[in-house]
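K.L.:
Attaching a single structure in C-alpha cells format; questions to follow.
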Amino acid sequence: MITSSDNSSNFNRGDLIRGKWNGVRYRVERLLGQGSNGKVYLVYEGSRARALKFGFSAAELQSEVNALKAISAAEPKQESYLLDVDDAELGGHRLPFYVMRFVEGERLHQYLGAKGLDWFPLVAYNLLCKLGQLHRSGWIFGDLKADNVLVTGYGQVHLVDYGGATLQGKSVKQFTEIYDRGYWRGGERLADEGYDLFSFAVLWLQMMQKESLEAQASKLLPQNRTTEWLIQQLRTNRRLSPYEPSLTRMINGKAYSTREECAAWQRLLRGSANHPDERFVSGNQTMSGTAVKGMFAVSVMLLCGAVYMVWQQ
C-alpha cells in the first residue's frame with residue numbers, strides 16, 4: 001500500500017503514464033491539486049483533456065471509484081463521470097489511479113468574485129441539484145466546501161475531489177471542521193442527506209459573511225460553537241434572508257430530503273425571476289448584464305428541472 005509520504009507519484013509535464021491493464025496512455029500536463037488521499041493531474045489522452053487521480057491508498061481510491069460508478073449508473077443519460085480505472089508501475093511501485101473528464105471551471109469564490117453575488121441563488125440551486133444526484137445514487141459527498149466546488153458558464157456546478165464520498169448510513173470518513181455538523185454540535189458524523197445539507201448551509205453563510213467563519217469560530221470557546229450561533233449569523237445576513245427558512249432547516253437538522261430542498265429553492269428562484277429587483281439587486285445597484293443573462297439561465301434551468309422531475313416520477 002502506498003502511503004501519503006511516498007513521492008513515487010510525482011510527475012512532470014510531458015511524462016507519459018500508461019495503464020497496466022487497459023493500456024491507455026496519458027501525457028502529463030500539470031498538477032491540479034493534492035490532498036491527504038492523493039494527487040490529481042491534468043493529463044491528455046491524445047487531444048482530450050482528462051483529470052487523473054493517483055491514490056495514496058488503494059482501498060480509499062477504490063471507495064471513490066465505487067461512488068463515481070454509482071453516480072454514473074444512477075444518471076445513465078449523463079456523460080459518465082468515470083472514464084478509466086487502472087494501475088501504473090513506476091520504480092517498482094504500483095500506482096492505482098482513475099480518470100475523470102476534466103472540467104475547466106472556476107472555484108466558487110473566484111466565480112462569484114468575477115460575476116457578482118447576484119449569481120449566488122442560481123449557483124446554490126445548481127449545487128443542491130448536484131448533491132441530489134449524488135444522494136439518489138446512495139452516497140453523500142461528505143467533504144463539501146468551497147474548494148471542492150467548480151462553476152462554469154451560466155452557473156453550472158461540478159463537484160471535485162470525491163475523497164470524502166461515503167455510503168449513506170456509514171460514518172463520514174473525511175470532512176473539514178468548519179463545515180462539519182459535529183464541530184458545531186449539530187449532530188453525528190453519519191452519512192445522510194442532512195449531513196451534506198448542513199455543510200451546504202454553512203458554505204453559503206461562509207461565502208456571504210464579511211468576516212470568515214473560521215476567524216469568528218476561532219474566537220469562540222468550544223462550548224459556544226453551536227447551531228444556535230450559526231443561525232444567529234444567518235438571521236443578520238440580509239442577502240441570505242429570502243433563503244433563511246431553508247438554510248435554518250438545514251442547520252437545525254430538520255432538512256431530511258435534498259429533493260424537497262431543491263423544490264423549495266426552485267420556487268424561490270421562480271419568484272426571483274419574476275421579481276428580479278427583490279432578489280437579485282444589491283442596494284440601489286441595477287442588475288448587471290451578466291446577471292440579466294443569469295435570469296434567462298434561471299428560467300431555462302427551471303424548465304429543465306420541471307421536465308426532469310416529471311420524467312423521474
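Residues are referred to by chain and number: the chain letter is A, B, ... according to the order shown in the C-alpha cells, the number counts from 1 in that chain, and ligands are numbered separately from 1 in the order shown.
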Compile the contact shell of region 191-193 of chain A as a PDB file with N, CA and C atoms, in the first residue's frame: residues with an atom at most 8 Å away, counting only C-alpha atoms, same-chain residues fewer than 3 positions apart removed.

P.N.:
```pdb
ATOM      1  N   HIS A 135     -27.009  11.911  -3.942  1.00  0.00           N
ATOM      2  CA  HIS A 135     -27.795  11.254  -2.901  1.00  0.00           C
ATOM      3  C   HIS A 135     -28.693  10.162  -3.468  1.00  0.00           C
ATOM      4  N   TRP A 139     -25.074   7.744  -2.029  1.00  0.00           N
ATOM      5  CA  TRP A 139     -23.854   8.263  -1.432  1.00  0.00           C
ATOM      6  C   TRP A 139     -24.065   9.693  -0.969  1.00  0.00           C
ATOM      7  N   ILE A 140     -23.234  10.129  -0.028  1.00  0.00           N
ATOM      8  CA  ILE A 140     -23.169  11.547   0.322  1.00  0.00           C
ATOM      9  C   ILE A 140     -21.750  12.027   0.023  1.00  0.00           C
ATOM     10  N   GLY A 142     -19.867  14.343   1.722  1.00  0.00           N
ATOM     11  CA  GLY A 142     -19.063  14.313   2.946  1.00  0.00           C
ATOM     12  C   GLY A 142     -18.213  15.542   3.176  1.00  0.00           C
ATOM     13  N   THR A 166     -19.112   8.944   0.875  1.00  0.00           N
ATOM     14  CA  THR A 166     -19.372   7.871   1.834  1.00  0.00           C
ATOM     15  C   THR A 166     -20.744   7.273   1.571  1.00  0.00           C
ATOM     16  N   LEU A 167     -20.848   5.968   1.639  1.00  0.00           N
ATOM     17  CA  LEU A 167     -22.149   5.311   1.509  1.00  0.00           C
ATOM     18  C   LEU A 167     -23.082   5.795   2.614  1.00  0.00           C
ATOM     19  N   GLN A 168     -24.310   6.062   2.262  1.00  0.00           N
ATOM     20  CA  GLN A 168     -25.274   6.504   3.260  1.00  0.00           C
ATOM     21  C   GLN A 168     -25.421   5.452   4.355  1.00  0.00           C
ATOM     22  N   GLY A 169     -25.428   5.944   5.589  1.00  0.00           N
ATOM     23  CA  GLY A 169     -25.533   5.066   6.746  1.00  0.00           C
ATOM     24  C   GLY A 169     -24.210   4.753   7.403  1.00  0.00           C
ATOM     25  N   LYS A 170     -23.092   5.031   6.710  1.00  0.00           N
ATOM     26  CA  LYS A 170     -21.769   4.802   7.268  1.00  0.00           C
ATOM     27  C   LYS A 170     -21.271   6.066   7.974  1.00  0.00           C
ATOM     28  N   SER A 171     -20.166   5.943   8.687  1.00  0.00           N
ATOM     29  CA  SER A 171     -19.544   7.110   9.321  1.00  0.00           C
ATOM     30  C   SER A 171     -18.824   7.936   8.263  1.00  0.00           C
ATOM     31  N   VAL A 172     -19.000   9.241   8.331  1.00  0.00           N
ATOM     32  CA  VAL A 172     -18.324  10.139   7.394  1.00  0.00           C
ATOM     33  C   VAL A 172     -16.822   9.975   7.561  1.00  0.00           C
ATOM     34  N   ASP A 196     -24.783  16.535   4.295  1.00  0.00           N
ATOM     35  CA  ASP A 196     -24.400  17.398   3.180  1.00  0.00           C
ATOM     36  C   ASP A 196     -25.186  18.710   3.195  1.00  0.00           C
ATOM     37  N   LEU A 197     -26.456  18.646   3.577  1.00  0.00           N
ATOM     38  CA  LEU A 197     -27.278  19.859   3.606  1.00  0.00           C
ATOM     39  C   LEU A 197     -26.784  20.831   4.683  1.00  0.00           C
ATOM     40  N   TYR A 256     -34.453  16.890   5.738  1.00  0.00           N
ATOM     41  CA  TYR A 256     -34.146  15.469   5.586  1.00  0.00           C
ATOM     42  C   TYR A 256     -33.995  15.044   4.128  1.00  0.00           C
ATOM     43  N   SER A 257     -34.499  15.869   3.205  1.00  0.00           N
ATOM     44  CA  SER A 257     -34.548  15.472   1.808  1.00  0.00           C
ATOM     45  C   SER A 257     -33.962  16.564   0.914  1.00  0.00           C
ATOM     46  N   THR A 258     -32.930  16.215   0.174  1.00  0.00           N
ATOM     47  CA  THR A 258     -32.356  17.161  -0.782  1.00  0.00           C
ATOM     48  C   THR A 258     -33.368  17.482  -1.871  1.00  0.00           C
TER      49      THR A 258
END
```

K.L.:
Fewer than 2 positions away in the same chain doesn't count, so skip those; otherwise give me all residues within 10 Å of Gly253 (chain A), counting only C-alpha atoms, as a PyMOL selection string.

P.N.:
chain A and resi 181+186-187+193-195+197-198+227+247-251+255-256

K.L.:
Could you pull out the strand (DSSP E) residues of region 34-167 of chain A from DSSP and send them as JSON, numbers by chain?

P.N.:
{"A": [34, 35, 38, 39, 40, 41, 42, 43, 44, 45, 48, 49, 50, 51, 52, 53, 54, 55, 82, 83, 84, 85, 86, 87, 88, 89, 90, 93, 94, 95, 96, 97, 98, 99, 100, 101, 106, 107, 139, 140, 149, 150, 151, 152, 156, 157, 158, 159, 166, 167]}

K.L.:
So, with only C-alpha atoms as the atoms that count, which of A:Glu29, A:Glu64, A:Glu177, A:Asp15 lies closest to Val85 (chain A)?

P.N.:
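So, comparing all the options, the nearest one is A:Glu64.
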
K.L.:
Return as a PDB file with C-alpha atoms, in the first residue's frame the full set of residues in region 89-239 of chain A whose backbone-based DSSP assignment is alpha helix (DSSP H).

P.N.:
```pdb
ATOM      1  CA  LEU A 108     -16.690  29.158  -6.159  1.00  0.00           C
ATOM      2  CA  HIS A 109     -15.217  32.337  -4.659  1.00  0.00           C
ATOM      3  CA  GLN A 110     -13.487  33.190  -7.943  1.00  0.00           C
ATOM      4  CA  TYR A 111     -16.661  32.771  -9.963  1.00  0.00           C
ATOM      5  CA  LEU A 112     -18.795  34.888  -7.653  1.00  0.00           C
ATOM      6  CA  GLY A 113     -15.993  37.422  -7.344  1.00  0.00           C
ATOM      7  CA  ALA A 114     -15.900  37.832 -11.129  1.00  0.00           C
ATOM      8  CA  LYS A 115     -19.630  37.525 -11.887  1.00  0.00           C
ATOM      9  CA  PHE A 120     -25.454  33.194  -5.790  1.00  0.00           C
ATOM     10  CA  PRO A 121     -29.080  31.896  -5.882  1.00  0.00           C
ATOM     11  CA  LEU A 122     -28.662  30.130  -9.223  1.00  0.00           C
ATOM     12  CA  VAL A 123     -25.280  28.607  -8.317  1.00  0.00           C
ATOM     13  CA  ALA A 124     -26.631  27.470  -4.938  1.00  0.00           C
ATOM     14  CA  TYR A 125     -29.661  25.857  -6.574  1.00  0.00           C
ATOM     15  CA  ASN A 126     -27.467  24.010  -9.063  1.00  0.00           C
ATOM     16  CA  LEU A 127     -25.259  22.807  -6.218  1.00  0.00           C
ATOM     17  CA  LEU A 128     -28.313  21.430  -4.427  1.00  0.00           C
ATOM     18  CA  CYS A 129     -29.322  19.595  -7.605  1.00  0.00           C
ATOM     19  CA  LYS A 130     -25.826  18.157  -7.942  1.00  0.00           C
ATOM     20  CA  LEU A 131     -25.928  16.911  -4.347  1.00  0.00           C
ATOM     21  CA  GLY A 132     -29.353  15.433  -5.006  1.00  0.00           C
ATOM     22  CA  GLN A 133     -27.958  13.485  -7.940  1.00  0.00           C
ATOM     23  CA  LEU A 134     -25.294  12.015  -5.663  1.00  0.00           C
ATOM     24  CA  HIS A 135     -27.795  11.254  -2.901  1.00  0.00           C
ATOM     25  CA  ARG A 136     -30.082   9.360  -5.278  1.00  0.00           C
ATOM     26  CA  GLU A 193     -28.557  13.712   3.260  1.00  0.00           C
ATOM     27  CA  GLY A 194     -28.779  16.044   6.241  1.00  0.00           C
ATOM     28  CA  TYR A 195     -25.001  15.968   6.655  1.00  0.00           C
ATOM     29  CA  ASP A 196     -24.400  17.398   3.180  1.00  0.00           C
ATOM     30  CA  LEU A 197     -27.278  19.859   3.606  1.00  0.00           C
ATOM     31  CA  PHE A 198     -25.754  21.165   6.836  1.00  0.00           C
ATOM     32  CA  SER A 199     -22.457  21.728   5.024  1.00  0.00           C
ATOM     33  CA  PHE A 200     -24.347  23.409   2.178  1.00  0.00           C
ATOM     34  CA  ALA A 201     -25.892  25.927   4.592  1.00  0.00           C
ATOM     35  CA  VAL A 202     -22.567  26.665   6.281  1.00  0.00           C
ATOM     36  CA  LEU A 203     -20.914  27.033   2.880  1.00  0.00           C
ATOM     37  CA  TRP A 204     -23.231  29.864   1.877  1.00  0.00           C
ATOM     38  CA  LEU A 205     -23.048  31.513   5.249  1.00  0.00           C
ATOM     39  CA  GLN A 206     -19.280  31.375   4.860  1.00  0.00           C
ATOM     40  CA  MET A 207     -19.430  32.890   1.367  1.00  0.00           C
ATOM     41  CA  MET A 208     -21.718  35.740   2.402  1.00  0.00           C
ATOM     42  CA  LEU A 213     -16.478  31.768   9.802  1.00  0.00           C
ATOM     43  CA  GLU A 214     -13.068  30.265  10.610  1.00  0.00           C
ATOM     44  CA  ALA A 215     -11.908  33.599  12.008  1.00  0.00           C
ATOM     45  CA  GLN A 216     -15.090  34.040  14.029  1.00  0.00           C
ATOM     46  CA  ALA A 217     -15.157  30.437  15.258  1.00  0.00           C
ATOM     47  CA  THR A 227     -26.004  25.634  15.666  1.00  0.00           C
ATOM     48  CA  GLU A 228     -27.770  28.448  17.533  1.00  0.00           C
ATOM     49  CA  TRP A 229     -24.738  30.676  16.941  1.00  0.00           C
ATOM     50  CA  LEU A 230     -24.791  29.831  13.222  1.00  0.00           C
ATOM     51  CA  ILE A 231     -28.497  30.628  12.963  1.00  0.00           C
ATOM     52  CA  GLN A 232     -27.926  33.982  14.663  1.00  0.00           C
ATOM     53  CA  GLN A 233     -25.315  34.795  11.985  1.00  0.00           C
ATOM     54  CA  LEU A 234     -27.785  33.715   9.327  1.00  0.00           C
ATOM     55  CA  ARG A 235     -30.535  35.967  10.673  1.00  0.00           C
TER      56      ARG A 235
END
```

K.L.:
How far is it from CA of Arg27 (chain A) to CA of Leu42 (chain A), in Å with one decimal?

P.N.:
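Spanning CA of Arg27 (chain A) to CA of Leu42 (chain A) is a straight-line distance of 8.7 Å.
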
K.L.:
Name the residues in contact with Ala70 (chain A) at a cut-off of 10 Å, using only C-alpha atoms, excluding same-chain residues fewer than 3 positions from it; report them as a PyMOL selection string.

P.N.:
chain A and resi 64-67+73-75+81-82+134+136-139

K.L.:
Select, from A:Val28, A:Ala165, A:Ile17, A:Val157, the residue with the minimum atom-to-atom distance to Ser63 (chain A), counting only C-alpha atoms.

P.N.:
A:Ala165

K.L.:
Given the choices A:Thr226, A:Gln156, A:Ser72, A:Ser80, which gets closest to Gly105 (chain A) if the distance is worked out from only C-alpha atoms?

P.N.:
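Checking each candidate against Gly105 (chain A), we get A:Gln156 as the closest.
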
K.L.:
Which residue out of A:Phe54, A:Phe141, A:Tyr154, A:Tyr183 has the minimum interatomic distance to Gly33 (chain A) when only C-alpha atoms are used?

P.N.:
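Going through A:Phe54, A:Phe141, A:Tyr154, A:Tyr183 one by one, the smallest distance to Gly33 (chain A) is for A:Phe54.
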
K.L.:
Point out the residue among A:Trp184, A:Phe11, A:Tyr98, A:Gly46 with the least atom-to-atom distance to Arg30 (chain A), counting only C-alpha atoms.

P.N.:
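For Arg30 (chain A), the nearest of the given residues is A:Phe11.
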
K.L.:
Could you give me, as an MDAnalysis selection string, the residues within 12 Å of Asp86 (chain A), counting only C-alpha atoms and dropping anything in the same chain fewer than 5 positions from it?

P.N.:
chainID A and resid 17:26 52:55 58 61:62 65 94:99
